[in-house]
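K.L.:
Would you mind keeping the following structure in view while I ask a few things?
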Amino acid sequence: MTSAPKIGVLALQGDVREHIRALEEAGASATPVRRQEELAAVDALVVPGGESTTMWKLATTFELLEPLRLRIKEGMPAYGSCAGMIMLADRIEGGVEGQQTLGGIDMVVRRNAFGRQVDSFEADLDFAGRGPIRAVFIRAPWVESVGPDVEVLARTKAGDRIVAVRQGPLLATSFHPELTGDARVHSYFVEMVREL
Ligand code: GLN
């Protein structure tokens, strides 16, 4: 792919604008996705941070849950941050009754694992061998366990928790790189999209 890949940001809820800005900075053409036609028009998708229970309910209401699952199954690259990581997990802990995800990554993700809103924090961590990056955690999940095909890209220094993973065309981080003005994680994703 030589031209800028067209990457959608699921815009049902969450910090959509920040992801659009970071994706544009990383060389992609970014656009919000709320409808099936918009989903069909993108090469890849970012599922933003926000609230996974709300996102799941809105995806159901907007009749996007099955189309999203289908595109992921067909190999569309996707990147989920925070609530988006929860959405890309095959299995979750600490979800509300009946909470569903899109799935795709063979992992168990624990919601609100680091504590409640007041416990939000920032930390420097190594991401995929790209040097230290500043990671912002807000009521963040962590990855409890991963299957054999999942590559661990980052862990917290304190507690050794898995906070970034990749499985084929799917990427997920517990933290919010879209909030720091550092587009290296988005650049990593845009490179993934170009390679596929
Ligand atoms: N705790 C939220 C959830 O369960 C995620 C928080 C976030 O995305 N900042 O969806």
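Ordering of the structure tokens sets the chain letters (A, B, ...); residue numbers start at 1 within each chain; ligands are numbered from 1 in the order shown.
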Can you write out as CSV which residues of chain A fall within 6 Å of ligand 1, alongside each residue's closest atom pair and its distance in Å to one decimal, counting only C-alpha atoms and all ligand atoms and ordering rows by chain and ascending residue number?
P.N.:
```
residue,atom,partner,partner_atom_place_in_ligand_line,distance
A:Gly49,CA,ligand 1,8 (O),3.5
A:Gly50,CA,ligand 1,8 (O),3.8
A:Glu51,CA,ligand 1,10 (O),3.4
A:Ser52,CA,ligand 1,10 (O),3.4
A:Thr53,CA,ligand 1,10 (O),6.0
A:Cys82,CA,ligand 1,8 (O),4.1
A:Ala83,CA,ligand 1,8 (O),3.8
A:Arg111,CA,ligand 1,4 (O),5.1
A:Asn112,CA,ligand 1,1 (N),4.9
A:Ile138,CA,ligand 1,9 (N),4.6
A:Arg139,CA,ligand 1,1 (N),4.6
A:Ala140,CA,ligand 1,6 (C),5.1
```
K.L.:
As a ChimeraX atom specification, please: the residues near Glu93 of chain A (cut-off 10 Å, only C-alpha atoms, same-chain neighbours under 4 positions excluded).
P.N.:
/A:86,108-113,141,143-144
K.L.:
Which value, in Å to one decimal, gives the distance between atom CA of Met55 of chain A and atom CA of Phe121 of chain A?
P.N.:
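Interatomic distance, atom CA of Met55 of chain A to atom CA of Phe121 of chain A: 23.1 Å.
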K.L.:
Quick one, how far is atom CA of Met87 of chain A from atom CA of Val190 of chain A?
P.N.:
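The value is 19.7 Å.
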K.L.:
Using only C-alpha atoms, which of A:Phe127, A:Ser3, A:Thr54, A:Ala183 sits nearest Arg21 of chain A?
P.N.:
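For Arg21 of chain A, the nearest of the candidates is A:Ala183.
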K.L.:
Any chance you could list, as a PyMOL selection string, the residues in segment 4-158 of chain A that come up helix (DSSP H, G or I) when DSSP is run on the backbone?
P.N.:
chain A and resi 16-25+36-40+52-61+65-73+83-88+117-119
K.L.:
Using N, CA and C atoms, can you write the selected residues to a file as a compact mmCIF listing (two decimals), in the first residue's frame?
P.N.:
```
# COMPACT_ATOMS: atom_id res chain seq x y z
N VAL A 16 -12.63 9.87 20.34
CA VAL A 16 -12.50 9.67 18.90
C VAL A 16 -11.55 10.70 18.27
N ARG A 17 -11.75 11.97 18.62
CA ARG A 17 -10.98 13.05 17.97
C ARG A 17 -9.48 12.90 18.18
N GLU A 18 -9.10 12.50 19.39
CA GLU A 18 -7.68 12.36 19.72
C GLU A 18 -7.04 11.27 18.85
N HIS A 19 -7.78 10.17 18.63
CA HIS A 19 -7.24 9.09 17.78
C HIS A 19 -7.14 9.56 16.33
N ILE A 20 -8.12 10.32 15.87
CA ILE A 20 -8.08 10.81 14.49
C ILE A 20 -6.85 11.68 14.29
N ARG A 21 -6.59 12.55 15.26
CA ARG A 21 -5.41 13.43 15.18
C ARG A 21 -4.12 12.60 15.15
N ALA A 22 -4.00 11.63 16.06
CA ALA A 22 -2.77 10.82 16.13
C ALA A 22 -2.58 9.98 14.87
N LEU A 23 -3.67 9.47 14.31
CA LEU A 23 -3.56 8.67 13.08
C LEU A 23 -3.11 9.53 11.91
N GLU A 24 -3.65 10.75 11.82
CA GLU A 24 -3.26 11.67 10.74
C GLU A 24 -1.78 11.99 10.87
N GLU A 25 -1.35 12.20 12.12
CA GLU A 25 0.06 12.50 12.37
C GLU A 25 0.95 11.33 11.96
N GLN A 36 -22.64 1.07 9.09
CA GLN A 36 -22.11 -0.08 8.36
C GLN A 36 -21.38 0.35 7.08
N GLU A 37 -21.95 1.33 6.36
CA GLU A 37 -21.34 1.78 5.08
C GLU A 37 -19.97 2.39 5.36
N GLU A 38 -19.87 3.11 6.49
CA GLU A 38 -18.58 3.73 6.82
C GLU A 38 -17.55 2.66 7.19
N LEU A 39 -18.01 1.63 7.88
CA LEU A 39 -17.11 0.52 8.23
C LEU A 39 -16.61 -0.18 6.98
N ALA A 40 -17.50 -0.37 6.03
CA ALA A 40 -17.14 -1.08 4.79
C ALA A 40 -16.09 -0.30 3.99
N SER A 52 -16.42 0.35 27.87
CA SER A 52 -16.70 -0.82 27.03
C SER A 52 -18.15 -1.28 27.11
N THR A 53 -18.79 -1.10 28.28
CA THR A 53 -20.19 -1.54 28.40
C THR A 53 -21.09 -0.68 27.51
N THR A 54 -20.83 0.63 27.52
CA THR A 54 -21.60 1.56 26.68
C THR A 54 -21.34 1.29 25.20
N MET A 55 -20.06 1.06 24.88
CA MET A 55 -19.69 0.82 23.48
C MET A 55 -20.37 -0.45 22.95
N TRP A 56 -20.39 -1.47 23.80
CA TRP A 56 -21.05 -2.73 23.41
C TRP A 56 -22.54 -2.50 23.17
N LYS A 57 -23.19 -1.76 24.08
CA LYS A 57 -24.63 -1.52 23.93
C LYS A 57 -24.92 -0.67 22.68
N LEU A 58 -24.11 0.36 22.45
CA LEU A 58 -24.32 1.21 21.28
C LEU A 58 -24.03 0.45 19.98
N ALA A 59 -23.02 -0.39 20.01
CA ALA A 59 -22.71 -1.19 18.81
C ALA A 59 -23.89 -2.10 18.47
N THR A 60 -24.56 -2.60 19.50
CA THR A 60 -25.75 -3.43 19.28
C THR A 60 -26.86 -2.57 18.69
N THR A 61 -27.13 -1.41 19.30
CA THR A 61 -28.20 -0.51 18.83
C THR A 61 -27.95 -0.06 17.39
N LEU A 65 -22.42 -4.56 15.77
CA LEU A 65 -21.69 -5.63 16.48
C LEU A 65 -21.29 -6.76 15.51
N GLU A 66 -22.26 -7.29 14.79
CA GLU A 66 -21.95 -8.41 13.88
C GLU A 66 -21.08 -7.97 12.70
N PRO A 67 -21.39 -6.81 12.04
CA PRO A 67 -20.48 -6.36 10.97
C PRO A 67 -19.04 -6.15 11.46
N LEU A 68 -18.87 -5.66 12.67
CA LEU A 68 -17.52 -5.47 13.22
C LEU A 68 -16.85 -6.83 13.43
N ARG A 69 -17.59 -7.75 14.02
CA ARG A 69 -17.02 -9.09 14.26
C ARG A 69 -16.61 -9.75 12.95
N LEU A 70 -17.46 -9.57 11.93
CA LEU A 70 -17.19 -10.18 10.64
C LEU A 70 -15.91 -9.61 10.02
N ARG A 71 -15.77 -8.28 10.04
CA ARG A 71 -14.57 -7.69 9.43
C ARG A 71 -13.31 -8.12 10.18
N ILE A 72 -13.41 -8.22 11.50
CA ILE A 72 -12.25 -8.68 12.28
C ILE A 72 -11.91 -10.12 11.91
N LYS A 73 -12.93 -10.94 11.78
CA LYS A 73 -12.74 -12.34 11.40
C LYS A 73 -12.11 -12.45 10.02
N ALA A 83 -10.70 0.82 26.72
CA ALA A 83 -11.98 0.15 26.46
C ALA A 83 -11.91 -0.64 25.15
N GLY A 84 -11.15 -0.10 24.18
CA GLY A 84 -10.98 -0.78 22.90
C GLY A 84 -10.24 -2.11 23.05
N MET A 85 -9.30 -2.17 24.01
CA MET A 85 -8.61 -3.44 24.30
C MET A 85 -9.61 -4.47 24.81
N ILE A 86 -10.51 -4.00 25.69
CA ILE A 86 -11.55 -4.89 26.23
C ILE A 86 -12.40 -5.42 25.08
N MET A 87 -12.74 -4.53 24.14
CA MET A 87 -13.59 -4.92 23.01
C MET A 87 -12.92 -5.97 22.12
N LEU A 88 -11.58 -5.95 22.04
CA LEU A 88 -10.89 -6.90 21.15
C LEU A 88 -10.53 -8.21 21.85
N GLN A 117 -11.27 5.37 38.87
CA GLN A 117 -10.83 6.60 38.21
C GLN A 117 -9.73 7.33 38.98
N VAL A 118 -9.88 7.43 40.30
CA VAL A 118 -8.89 8.14 41.11
C VAL A 118 -7.53 7.48 41.05
N ASP A 119 -7.51 6.22 40.67
CA ASP A 119 -6.24 5.50 40.63
C ASP A 119 -5.55 5.59 39.27
```
K.L.:
Please determine, counting only C-alpha atoms, which residue among A:Ala164, A:Leu153, A:Leu196, A:Ala158 has the shortest atom-to-atom distance to Phe114 of chain A.
P.N.:
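Smallest separation from Phe114 of chain A among the options: A:Ala158.
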K.L.:
Please provide the set of residues having any atom within 8 Å of Lys6 of chain A, restricted to only C-alpha atoms, with same-chain residues fewer than 4 positions apart removed, written as a CSV table (one decimal) with N, CA and C atoms, in the first residue's frame.
P.N.:
```csv
chain,number,residue,atom,x,y,z
A,28,ALA,N,-1.8,8.4,8.3
A,28,ALA,CA,-3.0,7.7,7.8
A,28,ALA,C,-4.1,8.8,7.4
A,29,SER,N,-5.1,8.3,6.6
A,29,SER,CA,-6.2,9.2,6.4
A,29,SER,C,-7.3,8.7,7.4
A,30,ALA,N,-7.7,9.5,8.3
A,30,ALA,CA,-8.5,8.9,9.4
A,30,ALA,C,-10.0,9.5,9.3
A,31,THR,N,-10.9,8.7,9.7
A,31,THR,CA,-12.3,9.1,9.5
A,31,THR,C,-13.2,8.4,10.6
A,42,VAL,N,-13.4,1.5,5.1
A,42,VAL,CA,-12.1,1.7,5.7
A,42,VAL,C,-11.2,0.4,5.6
A,43,ASP,N,-9.9,0.6,5.6
A,43,ASP,CA,-8.9,-0.5,5.5
A,43,ASP,C,-8.7,-1.1,6.9
A,44,ALA,N,-8.9,-0.3,7.9
A,44,ALA,CA,-8.5,-0.7,9.3
A,44,ALA,C,-9.3,0.1,10.2
```
K.L.:
Using only C-alpha atoms for the distances, tell me which of A:Ala4, A:Met192, A:Leu125, A:Val185 is nearest to Arg161 of chain A.
P.N.:
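For Arg161 of chain A, the nearest of the given residues is A:Leu125.
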K.L.:
Among segment 81-130 of chain A, which residues does DSSP mark as strand (DSSP E) when it is run on the backbone? Keep the chain and numbering as in the structure and answer as number ranges by chain.
P.N.:
A: 81, 89-93, 105-110, 121-126
K.L.:
Could the residues in this selection be saved with N, CA, C and O atoms as an mmCIF file, in the first residue's frame?
P.N.:
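The result, written out as result23.cif:
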```
data_model
loop_
_atom_site.group_PDB
_atom_site.id
_atom_site.type_symbol
_atom_site.label_atom_id
_atom_site.label_comp_id
_atom_site.auth_asym_id
_atom_site.auth_seq_id
_atom_site.Cartn_x
_atom_site.Cartn_y
_atom_site.Cartn_z
ATOM 1 N N SER A 81 -7.569 0.724 22.213
ATOM 2 C CA SER A 81 -6.899 1.257 23.400
ATOM 3 C C SER A 81 -7.895 1.290 24.554
ATOM 4 O O SER A 81 -9.033 1.738 24.390
ATOM 5 N N ALA A 89 -10.860 -8.315 23.138
ATOM 6 C CA ALA A 89 -10.498 -9.525 23.899
ATOM 7 C C ALA A 89 -11.510 -10.649 23.657
ATOM 8 O O ALA A 89 -12.713 -10.416 23.645
ATOM 9 N N ASP A 90 -10.992 -11.850 23.493
ATOM 10 C CA ASP A 90 -11.891 -13.009 23.371
ATOM 11 C C ASP A 90 -12.625 -13.277 24.678
ATOM 12 O O ASP A 90 -13.749 -13.753 24.676
ATOM 13 N N ARG A 91 -11.960 -12.982 25.804
ATOM 14 C CA ARG A 91 -12.588 -13.249 27.111
ATOM 15 C C ARG A 91 -12.280 -12.100 28.068
ATOM 16 O O ARG A 91 -11.173 -11.565 28.053
ATOM 17 N N ILE A 92 -13.293 -11.722 28.882
ATOM 18 C CA ILE A 92 -13.056 -10.653 29.855
ATOM 19 C C ILE A 92 -13.423 -11.108 31.269
ATOM 20 O O ILE A 92 -14.259 -11.995 31.461
ATOM 21 N N GLU A 93 -12.769 -10.468 32.234
ATOM 22 C CA GLU A 93 -13.087 -10.651 33.655
ATOM 23 C C GLU A 93 -13.586 -9.306 34.157
ATOM 24 O O GLU A 93 -13.061 -8.262 33.765
ATOM 25 N N ILE A 105 -8.602 -11.257 19.758
ATOM 26 C CA ILE A 105 -7.311 -11.556 20.388
ATOM 27 C C ILE A 105 -7.532 -12.611 21.471
ATOM 28 O O ILE A 105 -8.401 -12.459 22.339
ATOM 29 N N ASP A 106 -6.730 -13.671 21.378
ATOM 30 C CA ASP A 106 -6.842 -14.800 22.295
ATOM 31 C C ASP A 106 -6.217 -14.416 23.646
ATOM 32 O O ASP A 106 -5.054 -14.682 23.912
ATOM 33 N N MET A 107 -7.024 -13.716 24.440
ATOM 34 C CA MET A 107 -6.516 -13.256 25.744
ATOM 35 C C MET A 107 -7.680 -13.061 26.710
ATOM 36 O O MET A 107 -8.837 -12.945 26.301
ATOM 37 N N VAL A 108 -7.326 -13.042 27.996
ATOM 38 C CA VAL A 108 -8.289 -12.669 29.029
ATOM 39 C C VAL A 108 -7.896 -11.279 29.509
ATOM 40 O O VAL A 108 -6.750 -11.047 29.893
ATOM 41 N N VAL A 109 -8.843 -10.327 29.444
ATOM 42 C CA VAL A 109 -8.581 -8.956 29.884
ATOM 43 C C VAL A 109 -9.439 -8.671 31.110
ATOM 44 O O VAL A 109 -10.633 -8.980 31.124
ATOM 45 N N ARG A 110 -8.795 -8.110 32.139
ATOM 46 C CA ARG A 110 -9.546 -7.760 33.353
ATOM 47 C C ARG A 110 -9.903 -6.274 33.341
ATOM 48 O O ARG A 110 -9.016 -5.416 33.285
ATOM 49 N N PHE A 121 -3.092 6.704 36.420
ATOM 50 C CA PHE A 121 -1.685 7.047 36.601
ATOM 51 C C PHE A 121 -0.955 7.054 35.262
ATOM 52 O O PHE A 121 -1.500 6.614 34.253
ATOM 53 N N GLU A 122 0.254 7.590 35.296
ATOM 54 C CA GLU A 122 1.102 7.577 34.100
ATOM 55 C C GLU A 122 2.388 6.832 34.409
ATOM 56 O O GLU A 122 2.844 6.842 35.552
ATOM 57 N N ALA A 123 2.953 6.205 33.415
ATOM 58 C CA ALA A 123 4.209 5.481 33.609
ATOM 59 C C ALA A 123 4.978 5.440 32.299
ATOM 60 O O ALA A 123 4.377 5.508 31.226
ATOM 61 N N ASP A 124 6.300 5.367 32.391
ATOM 62 C CA ASP A 124 7.104 5.167 31.189
ATOM 63 C C ASP A 124 7.295 3.672 31.005
ATOM 64 O O ASP A 124 7.624 2.963 31.956
ATOM 65 N N LEU A 125 7.087 3.215 29.788
ATOM 66 C CA LEU A 125 7.348 1.798 29.560
ATOM 67 C C LEU A 125 7.874 1.557 28.156
ATOM 68 O O LEU A 125 7.657 2.354 27.245
ATOM 69 N N ASP A 126 8.583 0.441 27.997
ATOM 70 C CA ASP A 126 9.115 0.071 26.686
ATOM 71 C C ASP A 126 7.993 -0.518 25.866
ATOM 72 O O ASP A 126 7.317 -1.437 26.309
#
```
K.L.:
Determine the nearest neighbour of Gly181 of chain A from the options A:Ile133, A:Gly104, A:Gly27, A:Gly95, counting only C-alpha atoms.
P.N.:
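Nearest to Gly181 of chain A: A:Ile133.
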K.L.:
Using only C-alpha atoms, can you tell me which of A:Ala78, A:Leu64, A:Val9, A:Leu45 comes closest to Leu170 of chain A?
P.N.:
A:Ala78
